[in-house]
$ cat model_36.cif   # mmCIF, C-alpha atoms
data_start
loop_
_atom_site.group_PDB
_atom_site.id
_atom_site.type_symbol
_atom_site.label_atom_id
_atom_site.label_comp_id
_atom_site.auth_asym_id
_atom_site.auth_seq_id
_atom_site.Cartn_x
_atom_site.Cartn_y
_atom_site.Cartn_z
ATOM 1 C CA MET A 1 -23.357 -21.596 2.202
ATOM 2 C CA VAL A 2 -22.081 -19.064 4.736
ATOM 3 C CA ASN A 3 -24.617 -16.774 6.332
ATOM 4 C CA LYS A 4 -24.026 -13.164 5.087
ATOM 5 C CA ARG A 5 -24.161 -11.718 8.591
ATOM 6 C CA PHE A 6 -21.549 -14.249 9.753
ATOM 7 C CA LYS A 7 -19.368 -13.490 6.711
ATOM 8 C CA TRP A 8 -19.353 -9.727 7.392
ATOM 9 C CA SER A 9 -18.779 -10.321 11.102
ATOM 10 C CA LEU A 10 -15.779 -12.468 10.244
ATOM 11 C CA ILE A 11 -14.438 -9.817 7.843
ATOM 12 C CA SER A 12 -14.830 -7.179 10.574
ATOM 13 C CA VAL A 13 -12.901 -9.316 13.054
ATOM 14 C CA VAL A 14 -10.108 -9.860 10.524
ATOM 15 C CA VAL A 15 -9.864 -6.134 9.707
ATOM 16 C CA LEU A 16 -9.913 -5.098 13.371
ATOM 17 C CA GLY A 17 -7.405 -7.813 14.224
ATOM 18 C CA SER A 18 -5.115 -6.596 11.460
ATOM 19 C CA ILE A 19 -5.390 -3.005 12.695
ATOM 20 C CA PHE A 20 -4.689 -4.117 16.268
ATOM 21 C CA PHE A 21 -1.697 -6.209 15.160
ATOM 22 C CA THR A 22 -0.314 -3.346 13.084
ATOM 23 C CA ALA A 23 -0.546 -0.954 16.039
ATOM 24 C CA TRP A 24 0.996 -3.529 18.386
ATOM 25 C CA ALA A 25 3.817 -4.493 16.020
ATOM 26 C CA GLY A 26 4.668 -0.854 15.380
ATOM 27 C CA GLY A 27 5.497 -0.414 19.051
ATOM 28 C CA ASN A 28 7.170 -3.805 19.502
ATOM 29 C CA ARG A 29 9.635 -4.056 16.645
ATOM 30 C CA SER A 30 12.074 -6.096 18.712
ATOM 31 C CA MET A 31 10.014 -9.139 17.713
ATOM 32 C CA THR A 32 9.944 -8.489 13.968
ATOM 33 C CA ALA A 33 11.608 -10.647 11.361
ATOM 34 C CA ALA A 34 14.047 -7.867 10.501
ATOM 35 C CA SER A 35 15.545 -7.953 13.979
ATOM 36 C CA THR A 36 15.851 -11.747 13.956
ATOM 37 C CA GLY A 37 17.634 -11.780 10.602
ATOM 38 C CA THR A 38 14.819 -13.393 8.608
ATOM 39 C CA LEU A 39 14.616 -12.015 5.084
ATOM 40 C CA THR A 40 11.365 -13.711 4.113
ATOM 41 C CA ALA A 41 9.004 -11.771 1.875
ATOM 42 C CA ALA A 42 5.626 -11.209 3.525
ATOM 43 C CA PRO A 43 3.166 -8.296 3.581
ATOM 44 C CA GLN A 44 3.812 -7.589 7.268
ATOM 45 C CA ILE A 45 5.893 -5.148 9.281
ATOM 46 C CA GLY A 46 9.511 -6.255 9.561
ATOM 47 C CA TYR A 47 9.459 -8.502 6.495
ATOM 48 C CA ARG A 48 10.809 -7.947 2.999
ATOM 49 C CA MET A 49 8.159 -6.607 0.633
ATOM 50 C CA PRO A 50 6.769 -9.267 -1.726
ATOM 51 C CA PRO A 51 8.118 -8.881 -5.284
ATOM 52 C CA PHE A 52 5.932 -7.767 -8.204
ATOM 53 C CA THR A 53 6.026 -6.536 -11.780
ATOM 54 C CA LEU A 54 3.044 -4.553 -13.067
ATOM 55 C CA PRO A 55 2.146 -2.421 -16.099
ATOM 56 C CA VAL A 56 1.989 1.330 -15.509
ATOM 57 C CA LEU A 57 -1.101 3.385 -16.344
ATOM 58 C CA GLY A 58 -0.699 5.556 -19.430
ATOM 59 C CA SER A 59 2.441 3.885 -20.782
ATOM 60 C CA ASP A 60 3.761 0.682 -22.275
ATOM 61 C CA LYS A 61 6.245 0.343 -19.403
ATOM 62 C CA THR A 62 6.182 -1.961 -16.414
ATOM 63 C CA ILE A 63 7.485 -1.392 -12.925
ATOM 64 C CA SER A 64 9.270 -4.112 -11.027
ATOM 65 C CA SER A 65 10.030 -4.089 -7.322
ATOM 66 C CA ALA A 66 13.431 -5.584 -8.215
ATOM 67 C CA ASN A 67 14.367 -2.267 -9.869
ATOM 68 C CA LEU A 68 13.555 -0.323 -6.703
ATOM 69 C CA THR A 69 16.268 -1.855 -4.524
ATOM 70 C CA GLY A 70 17.937 0.716 -2.312
ATOM 71 C CA LYS A 71 15.041 3.197 -2.505
ATOM 72 C CA PRO A 72 12.341 3.898 0.088
ATOM 73 C CA ILE A 73 8.879 3.092 -1.290
ATOM 74 C CA PHE A 74 5.316 4.104 -0.443
ATOM 75 C CA ILE A 75 2.817 1.588 -1.860
ATOM 76 C CA ASN A 76 -0.885 2.423 -1.714
ATOM 77 C CA PHE A 77 -3.478 -0.128 -2.919
ATOM 78 C CA TRP A 78 -6.705 1.576 -4.019
ATOM 79 C CA THR A 79 -9.781 1.537 -6.247
ATOM 80 C CA SER A 80 -11.674 4.463 -7.769
ATOM 81 C CA TRP A 81 -14.980 3.508 -6.092
ATOM 82 C CA CYS A 82 -13.459 3.420 -2.587
ATOM 83 C CA THR A 83 -14.718 6.324 -0.438
ATOM 84 C CA TYR A 84 -11.693 6.266 1.868
ATOM 85 C CA CYS A 85 -9.331 6.198 -1.118
ATOM 86 C CA ARG A 86 -10.979 9.417 -2.313
ATOM 87 C CA LEU A 87 -10.661 10.972 1.146
ATOM 88 C CA GLU A 88 -6.928 10.284 1.465
ATOM 89 C CA ALA A 89 -5.988 11.144 -2.155
ATOM 90 C CA PRO A 90 -5.489 14.909 -1.547
ATOM 91 C CA ASP A 91 -3.197 14.140 1.414
ATOM 92 C CA ILE A 92 -1.152 11.726 -0.695
ATOM 93 C CA GLU A 93 -0.836 14.413 -3.390
ATOM 94 C CA GLN A 94 0.475 16.884 -0.788
ATOM 95 C CA ALA A 95 2.881 14.278 0.586
ATOM 96 C CA TYR A 96 4.135 13.547 -2.934
ATOM 97 C CA LYS A 97 4.984 17.223 -3.382
ATOM 98 C CA LYS A 98 7.037 17.072 -0.184
ATOM 99 C CA TYR A 99 8.604 13.585 -0.401
ATOM 100 C CA GLY A 100 8.419 12.652 -4.092
ATOM 101 C CA ASN A 101 12.119 13.378 -4.596
ATOM 102 C CA LYS A 102 13.083 11.119 -1.632
ATOM 103 C CA VAL A 103 10.520 8.282 -1.784
ATOM 104 C CA VAL A 104 9.140 6.235 -4.700
ATOM 105 C CA PHE A 105 5.340 6.637 -4.715
ATOM 106 C CA LEU A 106 3.314 3.765 -6.170
ATOM 107 C CA SER A 107 -0.466 3.913 -6.177
ATOM 108 C CA VAL A 108 -1.350 0.358 -7.159
ATOM 109 C CA ASN A 109 -4.840 0.244 -8.607
ATOM 110 C CA VAL A 110 -6.510 -3.118 -8.147
ATOM 111 C CA THR A 111 -7.822 -3.006 -11.702
ATOM 112 C CA SER A 112 -9.488 -6.406 -11.406
ATOM 113 C CA GLU A 113 -11.961 -4.607 -9.084
ATOM 114 C CA ASP A 114 -12.198 -1.385 -11.127
ATOM 115 C CA SER A 115 -12.631 0.012 -14.657
ATOM 116 C CA MET A 116 -10.177 1.933 -16.840
ATOM 117 C CA PRO A 117 -12.442 4.977 -17.388
ATOM 118 C CA ALA A 118 -12.981 5.314 -13.626
ATOM 119 C CA ILE A 119 -9.251 4.883 -12.913
ATOM 120 C CA GLU A 120 -8.304 7.552 -15.452
ATOM 121 C CA ALA A 121 -10.932 9.962 -14.102
ATOM 122 C CA PHE A 122 -9.716 9.401 -10.523
ATOM 123 C CA THR A 123 -6.047 10.021 -11.379
ATOM 124 C CA GLN A 124 -6.949 13.207 -13.249
ATOM 125 C CA GLU A 125 -9.284 14.465 -10.527
ATOM 126 C CA PHE A 126 -6.623 14.079 -7.831
ATOM 127 C CA GLY A 127 -3.619 15.100 -9.934
ATOM 128 C CA MET A 128 -1.768 11.811 -9.567
ATOM 129 C CA THR A 129 1.448 12.463 -11.488
ATOM 130 C CA TRP A 130 3.410 9.602 -9.927
ATOM 131 C CA GLN A 131 3.349 6.007 -11.206
ATOM 132 C CA VAL A 132 0.067 4.105 -11.048
ATOM 133 C CA PRO A 133 0.751 0.388 -11.514
ATOM 134 C CA LEU A 134 -2.264 -1.669 -12.621
ATOM 135 C CA ASP A 135 -2.943 -4.956 -10.853
ATOM 136 C CA THR A 136 -5.130 -6.247 -13.683
ATOM 137 C CA THR A 137 -5.536 -9.779 -12.298
ATOM 138 C CA GLY A 138 -5.594 -9.002 -8.573
ATOM 139 C CA ALA A 139 -2.602 -11.315 -8.043
ATOM 140 C CA VAL A 140 -0.441 -8.646 -6.384
ATOM 141 C CA ALA A 141 -3.300 -7.562 -4.095
ATOM 142 C CA GLN A 142 -3.663 -11.213 -3.132
ATOM 143 C CA LYS A 143 0.102 -11.546 -2.553
ATOM 144 C CA TYR A 144 -0.044 -8.456 -0.299
ATOM 145 C CA GLN A 145 -3.127 -9.873 1.470
ATOM 146 C CA ILE A 146 -5.260 -6.809 0.757
ATOM 147 C CA ILE A 147 -8.538 -7.191 2.666
ATOM 148 C CA ALA A 148 -9.714 -3.571 2.515
ATOM 149 C CA PHE A 149 -9.158 -0.426 0.459
ATOM 150 C CA PRO A 150 -7.077 1.551 0.872
ATOM 151 C CA THR A 151 -4.102 -0.336 2.308
ATOM 152 C CA SER A 152 -0.668 1.261 2.414
ATOM 153 C CA PHE A 153 2.864 -0.019 2.958
ATOM 154 C CA PHE A 154 5.939 1.996 3.894
ATOM 155 C CA VAL A 155 9.110 0.216 2.764
ATOM 156 C CA ASN A 156 12.610 1.292 3.807
ATOM 157 C CA LYS A 157 15.736 1.379 1.595
ATOM 158 C CA SER A 158 16.554 -2.193 2.579
ATOM 159 C CA GLY A 159 13.215 -3.403 1.196
ATOM 160 C CA LEU A 160 11.727 -4.098 4.632
ATOM 161 C CA ILE A 161 8.191 -3.031 5.483
ATOM 162 C CA GLU A 162 8.311 -0.411 8.250
ATOM 163 C CA ASP A 163 4.562 0.156 8.538
ATOM 164 C CA LYS A 164 1.295 -1.142 7.116
ATOM 165 C CA VAL A 165 -1.930 0.844 7.380
ATOM 166 C CA VAL A 166 -5.298 -0.738 6.591
ATOM 167 C CA GLY A 167 -7.825 2.009 5.919
ATOM 168 C CA ALA A 168 -7.450 5.706 5.202
ATOM 169 C CA LEU A 169 -4.181 7.338 6.176
ATOM 170 C CA SER A 170 -4.283 10.356 8.428
ATOM 171 C CA PRO A 171 -2.001 13.181 7.273
ATOM 172 C CA GLY A 172 0.016 12.758 10.480
ATOM 173 C CA THR A 173 0.661 9.042 9.953
ATOM 174 C CA LEU A 174 1.372 9.535 6.251
ATOM 175 C CA ASN A 175 3.953 12.259 6.844
ATOM 176 C CA ALA A 176 5.565 10.581 9.878
ATOM 177 C CA ASP A 177 5.993 7.274 8.041
ATOM 178 C CA LEU A 178 7.315 8.963 4.886
ATOM 179 C CA GLU A 179 9.779 10.946 6.996
ATOM 180 C CA ALA A 180 10.931 7.749 8.736
ATOM 181 C CA ILE A 181 11.589 5.789 5.524
ATOM 182 C CA SER A 182 13.115 8.738 3.641
ATOM 183 C CA LYS A 183 16.172 8.862 5.911
#
$ encode --input "model_36.cif" --output "structure tokens"
Amino acid sequence: MVNKRFKWSLISVVVLGSIFFTAWAGGNRSMTAASTGTLTAAPQIGYRMPPFTLPVLGSDKTISSANLTGKPIFINFWTSWCTYCRLEAPDIEQAYKKYGNKVVFLSVNVTSEDSMPAIEAFTQEFGMTWQVPLDTTGAVAQKYQIIAFPTSFFVNKSGLIEDKVVGALSPGTLNADLEAISK
């Protein structure tokens, strides 16, 4: 059995490494898959976003990434118990008011780690009027390699990931990335 201290140290290294890589890749896009012509789906900057189909909170509809072709997309993975998700929610609401007519907003709740009453209370508290897909099995979070909440992806009209942010979004990063993909 793995020592708990070792396990959390390893998780910290992975999270910090991911943050470092994201910052590095953002400034060195000449080495991304998009520039080399690779169209592989992977949850990393420069790659095509992995496909998914999920049910939408409060309806009998589903949302499929295949139906979003040609549209810029903001995908935010969250849970209701996540402190940083709560901290960034008002900024996402403000950004939705500004960019909601240019960018598809998807707040993917990792429902396998949450509860329906808490999800509904969270969406009401923060006025989330955009689509909230429910990852009931955690399969999409696994496909997107979610290691921390929140994690956000900014996808351009071509379906390529322009930025990935692990942890709470600052208003500056949120607005700059939404502006970049909305063009």
$ resolve_selection --input "model_36.cif" --expression "the PyMOL selection byres ((chain A and resi 165) around 8)" --output "PyMOL selection string"
chain A and resi 19+22+151-153+163-164+166-169
$ atom_distance --input "model_36.cif" --atom1 "atom CA of A:Val56" --atom2 "atom CA of A:Val132"
5.6 Å
$ resolve_selection --input "model_36.cif" --expression "the PyMOL selection byres ((chain A and resi 72) around 12)" --output "compact mmCIF listing (two decimals) with C-alpha atoms, in the coordinates of the input"
# COMPACT_ATOMS: atom_id res chain seq x y z
CA MET A 49 8.16 -6.61 0.63
CA SER A 65 10.03 -4.09 -7.32
CA ASN A 67 14.37 -2.27 -9.87
CA LEU A 68 13.56 -0.32 -6.70
CA THR A 69 16.27 -1.86 -4.52
CA GLY A 70 17.94 0.72 -2.31
CA LYS A 71 15.04 3.20 -2.50
CA ILE A 73 8.88 3.09 -1.29
CA PHE A 74 5.32 4.10 -0.44
CA ILE A 75 2.82 1.59 -1.86
CA TYR A 99 8.60 13.58 -0.40
CA GLY A 100 8.42 12.65 -4.09
CA ASN A 101 12.12 13.38 -4.60
CA LYS A 102 13.08 11.12 -1.63
CA VAL A 103 10.52 8.28 -1.78
CA VAL A 104 9.14 6.24 -4.70
CA PHE A 105 5.34 6.64 -4.72
CA LEU A 106 3.31 3.76 -6.17
CA PHE A 153 2.86 -0.02 2.96
CA PHE A 154 5.94 2.00 3.89
CA VAL A 155 9.11 0.22 2.76
CA ASN A 156 12.61 1.29 3.81
CA LYS A 157 15.74 1.38 1.60
CA SER A 158 16.55 -2.19 2.58
CA GLY A 159 13.22 -3.40 1.20
CA LEU A 160 11.73 -4.10 4.63
CA ILE A 161 8.19 -3.03 5.48
CA GLU A 162 8.31 -0.41 8.25
CA ASP A 177 5.99 7.27 8.04
CA LEU A 178 7.32 8.96 4.89
CA GLU A 179 9.78 10.95 7.00
CA ALA A 180 10.93 7.75 8.74
CA ILE A 181 11.59 5.79 5.52
CA SER A 182 13.12 8.74 3.64
CA LYS A 183 16.17 8.86 5.91
$ residues_near_point --input "model_36.cif" --point "(-16.6, 4.7, -2.1)" --cutoff "12 Å" --atoms "all atoms listed in the file" --output "NGL selection string"
:A and (78-88 or 114 or 122 or 148-150 or 168)
$ closest_residue --input "model_36.cif" --among "A:Gln124, A:Thr129, A:Gln94, A:Thr136" --to "A:Asn175" --atoms "only C-alpha atoms"
A:Gln94
$ atom_distance --input "model_36.cif" --atom1 "atom CA of A:Pro55" --atom2 "atom CA of A:Pro133"
5.6 Å
$ resolve_selection --input "model_36.cif" --expression "the PyMOL selection byres ((chain A and resi 135) around 8)" --output "list of chain:residue names"
A:Leu54, A:Pro55, A:Val108, A:Asn109, A:Val110, A:Thr111, A:Ser112, A:Pro133, A:Leu134, A:Thr136, A:Thr137, A:Gly138, A:Ala139, A:Val140, A:Ala141
$ closest_residue --input "model_36.cif" --among "A:Gly172, A:Pro51, A:Gly127, A:Pro117" --to "A:Lys97" --atoms "all atoms listed in the file"
A:Gly127
